[in-house]
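Each remark here refers to the structure printed beneath this line.
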Amino acid sequence: KGIHNLVNKPWVKSLFPVASLLRLLLRTNGAIVAEHEATTISIHMRLKTLWLKLLVLLLYDVDRRLVDMDVLASPLHVEFFDTMLDWADTSLQTMKQGNVISDETPMLSEEDSDFLVAILNCIDCFFKHIYGQIKHFQICDELQKVANKYARSFTSILQATADTSGPAFGLRDVELLRITAVRVVSAVNPSVASAHDRFERKASKTRRQMPIAGVSSEAEAQWRGMVEA
């Protein structure tokens, strides 16, 4: 994994330009909706999942010398990046009522879960490798506006996933979602991420200090706390 997970990226990009890949991803969205109404198996969904994985390798998970600023700042990529946030929100099945996100959502199918994981990996990789390099460039102002939308959306997700017993968002394992949320918020709004981290440490300490039901002594409470930690 990492920047060496595709040996000759420039050569692969010459065969399959990133712009073509972005157009394919945007174009297949309507096909996926139509297919889901007709069948439980979506060929377009599987292709889209694979294309997102390829996009990570060609555009986001690259050496600093291979960062393609022209593609990243292009209206096509800005449109795709904005649309991908809509895909993430839809896939997460977040039931938003004001700032409240419901956890009463059905589990995602394996196919939909794979698609969501591919989306989260794309988002995580962009904010890990690319965002810090492009955020101060004027040509990326439109992309920065979309990144701010990501920060707002993932701030609410970060708050909702703070409790391990909280919303599952249709996922069996929310760890990747938490990691991605922290990555996005830390990159765009470091102060918000720091405040959340302090809150988490305080809440964790409070939970450890709370009396445990069915425990008859302080020693037993300490022992059970160590076992459950």
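Ordered as shown in the structure tokens, chains take letters A, B, and onward, while each chain numbers its residues from 1 and ligands are numbered from 1 in the order shown.
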- Message: Please list as a VMD selection string every residue within 12 Å of A:Asp86, counting only C-alpha atoms and excluding residues in the same chain fewer than 2 positions away.
- Response: chain A and resid 26 29 79 to 84 88 to 94 116 119 146 149 to 150 153
- What does the distance from atom CA of A:Val185 to atom CA of A:Ala118 come to in Å, to one decimal?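 The value is 19.1 Å.
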Determine, counting only C-alpha atoms, which protein, DNA and RNA residues have an atom within 7 Å of an atom of A:Leu158; residues of the same chain fewer than 4 positions away are not included. Present the result as an mmCIF file with all heavy atoms, in the first residue's frame.
```
data_model
loop_
_atom_site.group_PDB
_atom_site.id
_atom_site.type_symbol
_atom_site.label_atom_id
_atom_site.label_comp_id
_atom_site.auth_asym_id
_atom_site.auth_seq_id
_atom_site.Cartn_x
_atom_site.Cartn_y
_atom_site.Cartn_z
ATOM 1 N N PHE A 154 -19.021 15.937 8.053
ATOM 2 C CA PHE A 154 -18.294 14.957 8.859
ATOM 3 C C PHE A 154 -18.138 15.394 10.311
ATOM 4 O O PHE A 154 -17.859 14.567 11.171
ATOM 5 C CB PHE A 154 -16.940 14.642 8.223
ATOM 6 C CG PHE A 154 -17.030 13.598 7.146
ATOM 7 C CD1 PHE A 154 -17.280 13.961 5.831
ATOM 8 C CD2 PHE A 154 -16.889 12.261 7.445
ATOM 9 C CE1 PHE A 154 -17.391 12.998 4.844
ATOM 10 C CE2 PHE A 154 -16.979 11.278 6.469
ATOM 11 C CZ PHE A 154 -17.241 11.649 5.153
ATOM 12 N N ALA A 162 -19.100 9.326 18.247
ATOM 13 C CA ALA A 162 -18.223 9.427 19.422
ATOM 14 C C ALA A 162 -18.505 8.326 20.428
ATOM 15 O O ALA A 162 -17.592 7.792 21.060
ATOM 16 C CB ALA A 162 -18.403 10.795 20.085
ATOM 17 N N ARG A 178 -15.156 6.585 11.449
ATOM 18 C CA ARG A 178 -14.592 7.467 12.482
ATOM 19 C C ARG A 178 -13.250 8.042 12.026
ATOM 20 O O ARG A 178 -12.984 9.234 12.174
ATOM 21 C CB ARG A 178 -14.401 6.701 13.787
ATOM 22 C CG ARG A 178 -15.680 6.369 14.523
ATOM 23 C CD ARG A 178 -15.363 5.956 15.957
ATOM 24 N NE ARG A 178 -16.529 5.451 16.647
ATOM 25 C CZ ARG A 178 -16.827 4.171 16.785
ATOM 26 N NH1 ARG A 178 -16.042 3.252 16.285
ATOM 27 N NH2 ARG A 178 -17.918 3.787 17.428
ATOM 28 N N ALA A 181 -13.801 10.631 9.359
ATOM 29 C CA ALA A 181 -14.383 11.849 9.933
ATOM 30 C C ALA A 181 -13.319 12.679 10.647
ATOM 31 O O ALA A 181 -13.247 13.902 10.486
ATOM 32 C CB ALA A 181 -15.521 11.489 10.885
ATOM 33 N N VAL A 182 -12.481 12.015 11.444
ATOM 34 C CA VAL A 182 -11.403 12.712 12.152
ATOM 35 C C VAL A 182 -10.433 13.336 11.154
ATOM 36 O O VAL A 182 -9.986 14.477 11.323
ATOM 37 C CB VAL A 182 -10.654 11.744 13.095
ATOM 38 C CG1 VAL A 182 -9.389 12.398 13.636
ATOM 39 C CG2 VAL A 182 -11.555 11.325 14.245
#
```
- Pick out the residues sitting within 8 Å of A:Leu143, and hand them over as JSON, numbers by chain; count only C-alpha atoms, and ignore anything fewer than 2 positions along from it in its own chain. {"A": [72, 73, 78, 81, 140, 141, 145, 146, 147]}
Any chance you can output those residues with all heavy atoms as a PDB file, in the first residue's frame?
```pdb
ATOM      1  N   LEU A  72      -7.117  18.252 -10.430  1.00  0.00           N
ATOM      2  CA  LEU A  72      -7.723  18.502  -9.121  1.00  0.00           C
ATOM      3  C   LEU A  72      -8.525  19.799  -9.100  1.00  0.00           C
ATOM      4  O   LEU A  72      -9.590  19.876  -8.474  1.00  0.00           O
ATOM      5  CB  LEU A  72      -6.641  18.544  -8.041  1.00  0.00           C
ATOM      6  CG  LEU A  72      -5.982  17.205  -7.701  1.00  0.00           C
ATOM      7  CD1 LEU A  72      -4.733  17.429  -6.861  1.00  0.00           C
ATOM      8  CD2 LEU A  72      -6.951  16.287  -6.959  1.00  0.00           C
ATOM      9  N   ALA A  73      -8.019  20.829  -9.769  1.00  0.00           N
ATOM     10  CA  ALA A  73      -8.680  22.136  -9.764  1.00  0.00           C
ATOM     11  C   ALA A  73      -9.731  22.269 -10.859  1.00  0.00           C
ATOM     12  O   ALA A  73     -10.445  23.281 -10.905  1.00  0.00           O
ATOM     13  CB  ALA A  73      -7.640  23.243  -9.919  1.00  0.00           C
ATOM     14  N   VAL A  78     -14.135  19.053  -9.379  1.00  0.00           N
ATOM     15  CA  VAL A  78     -14.933  19.730  -8.349  1.00  0.00           C
ATOM     16  C   VAL A  78     -16.355  19.170  -8.336  1.00  0.00           C
ATOM     17  O   VAL A  78     -16.926  18.900  -7.274  1.00  0.00           O
ATOM     18  CB  VAL A  78     -14.962  21.254  -8.584  1.00  0.00           C
ATOM     19  CG1 VAL A  78     -15.947  21.923  -7.623  1.00  0.00           C
ATOM     20  CG2 VAL A  78     -13.560  21.841  -8.397  1.00  0.00           C
ATOM     21  N   PHE A  81     -16.177  15.639  -6.856  1.00  0.00           N
ATOM     22  CA  PHE A  81     -15.903  15.660  -5.418  1.00  0.00           C
ATOM     23  C   PHE A  81     -17.149  16.079  -4.640  1.00  0.00           C
ATOM     24  O   PHE A  81     -17.433  15.544  -3.563  1.00  0.00           O
ATOM     25  CB  PHE A  81     -14.741  16.617  -5.136  1.00  0.00           C
ATOM     26  CG  PHE A  81     -14.061  16.386  -3.814  1.00  0.00           C
ATOM     27  CD1 PHE A  81     -13.487  15.155  -3.529  1.00  0.00           C
ATOM     28  CD2 PHE A  81     -13.996  17.387  -2.860  1.00  0.00           C
ATOM     29  CE1 PHE A  81     -12.857  14.931  -2.318  1.00  0.00           C
ATOM     30  CE2 PHE A  81     -13.378  17.171  -1.644  1.00  0.00           C
ATOM     31  CZ  PHE A  81     -12.807  15.937  -1.363  1.00  0.00           C
ATOM     32  N   CYS A 140      -7.656  26.479  -6.690  1.00  0.00           N
ATOM     33  CA  CYS A 140      -8.427  25.425  -6.024  1.00  0.00           C
ATOM     34  C   CYS A 140      -9.496  25.983  -5.087  1.00  0.00           C
ATOM     35  O   CYS A 140      -9.986  25.268  -4.201  1.00  0.00           O
ATOM     36  CB  CYS A 140      -7.493  24.498  -5.244  1.00  0.00           C
ATOM     37  SG  CYS A 140      -6.362  23.551  -6.270  1.00  0.00           S
ATOM     38  N   ASP A 141      -9.869  27.254  -5.291  1.00  0.00           N
ATOM     39  CA  ASP A 141     -10.864  27.885  -4.408  1.00  0.00           C
ATOM     40  C   ASP A 141     -12.192  27.133  -4.418  1.00  0.00           C
ATOM     41  O   ASP A 141     -12.826  26.948  -3.368  1.00  0.00           O
ATOM     42  CB  ASP A 141     -11.094  29.344  -4.822  1.00  0.00           C
ATOM     43  CG  ASP A 141      -9.973  30.258  -4.333  1.00  0.00           C
ATOM     44  OD1 ASP A 141      -9.148  29.792  -3.531  1.00  0.00           O
ATOM     45  OD2 ASP A 141      -9.931  31.429  -4.762  1.00  0.00           O
ATOM     46  N   LYS A 145     -14.162  25.170  -1.301  1.00  0.00           N
ATOM     47  CA  LYS A 145     -15.552  25.348  -0.868  1.00  0.00           C
ATOM     48  C   LYS A 145     -16.238  23.999  -0.648  1.00  0.00           C
ATOM     49  O   LYS A 145     -16.998  23.816   0.314  1.00  0.00           O
ATOM     50  CB  LYS A 145     -16.321  26.165  -1.905  1.00  0.00           C
ATOM     51  CG  LYS A 145     -15.876  27.616  -2.016  1.00  0.00           C
ATOM     52  CD  LYS A 145     -16.624  28.338  -3.123  1.00  0.00           C
ATOM     53  CE  LYS A 145     -16.121  29.769  -3.279  1.00  0.00           C
ATOM     54  NZ  LYS A 145     -16.784  30.470  -4.415  1.00  0.00           N
ATOM     55  N   VAL A 146     -15.949  23.042  -1.537  1.00  0.00           N
ATOM     56  CA  VAL A 146     -16.529  21.704  -1.378  1.00  0.00           C
ATOM     57  C   VAL A 146     -15.927  21.011  -0.157  1.00  0.00           C
ATOM     58  O   VAL A 146     -16.629  20.314   0.591  1.00  0.00           O
ATOM     59  CB  VAL A 146     -16.303  20.855  -2.647  1.00  0.00           C
ATOM     60  CG1 VAL A 146     -16.908  19.462  -2.473  1.00  0.00           C
ATOM     61  CG2 VAL A 146     -16.924  21.530  -3.865  1.00  0.00           C
ATOM     62  N   ALA A 147     -14.627  21.218   0.055  1.00  0.00           N
ATOM     63  CA  ALA A 147     -13.976  20.635   1.237  1.00  0.00           C
ATOM     64  C   ALA A 147     -14.616  21.149   2.516  1.00  0.00           C
ATOM     65  O   ALA A 147     -14.767  20.401   3.496  1.00  0.00           O
ATOM     66  CB  ALA A 147     -12.481  20.961   1.218  1.00  0.00           C
TER      67      ALA A 147
END
```
- Task: Write out as a ChimeraX atom specification each polymer residue whose atoms come within 8 Å of A:Asp124, counting only C-alpha atoms; drop sequence neighbours fewer than 5 positions from it.
- Result: /A:179-180,183-184
Generate the output file for the selected residues, N, CA, C and O atoms, as a compact mmCIF listing (two decimals), in the first residue's frame.
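The resulting file, result.txt, is reproduced below:
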```txt
# COMPACT_ATOMS: atom_id res chain seq x y z
N ILE A 179 -12.40 7.18 11.49
CA ILE A 179 -11.07 7.61 11.04
C ILE A 179 -11.20 8.68 9.96
O ILE A 179 -10.51 9.70 9.97
N THR A 180 -12.09 8.44 9.00
CA THR A 180 -12.29 9.40 7.91
C THR A 180 -12.84 10.71 8.44
O THR A 180 -12.40 11.80 8.03
N ARG A 183 -10.12 12.59 10.09
CA ARG A 183 -9.18 13.10 9.07
C ARG A 183 -9.72 14.37 8.41
O ARG A 183 -9.00 15.36 8.27
N VAL A 184 -10.99 14.34 8.02
CA VAL A 184 -11.59 15.48 7.33
C VAL A 184 -11.65 16.70 8.24
O VAL A 184 -11.21 17.80 7.88
```
- Query: Between A:Ser74, A:Glu111, A:Cys122, A:Thr28, which has the minimum distance to A:Lys53 (counting only C-alpha atoms)?
  - Reply: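 Ranked by minimum distance to A:Lys53, first place goes to A:Cys122.
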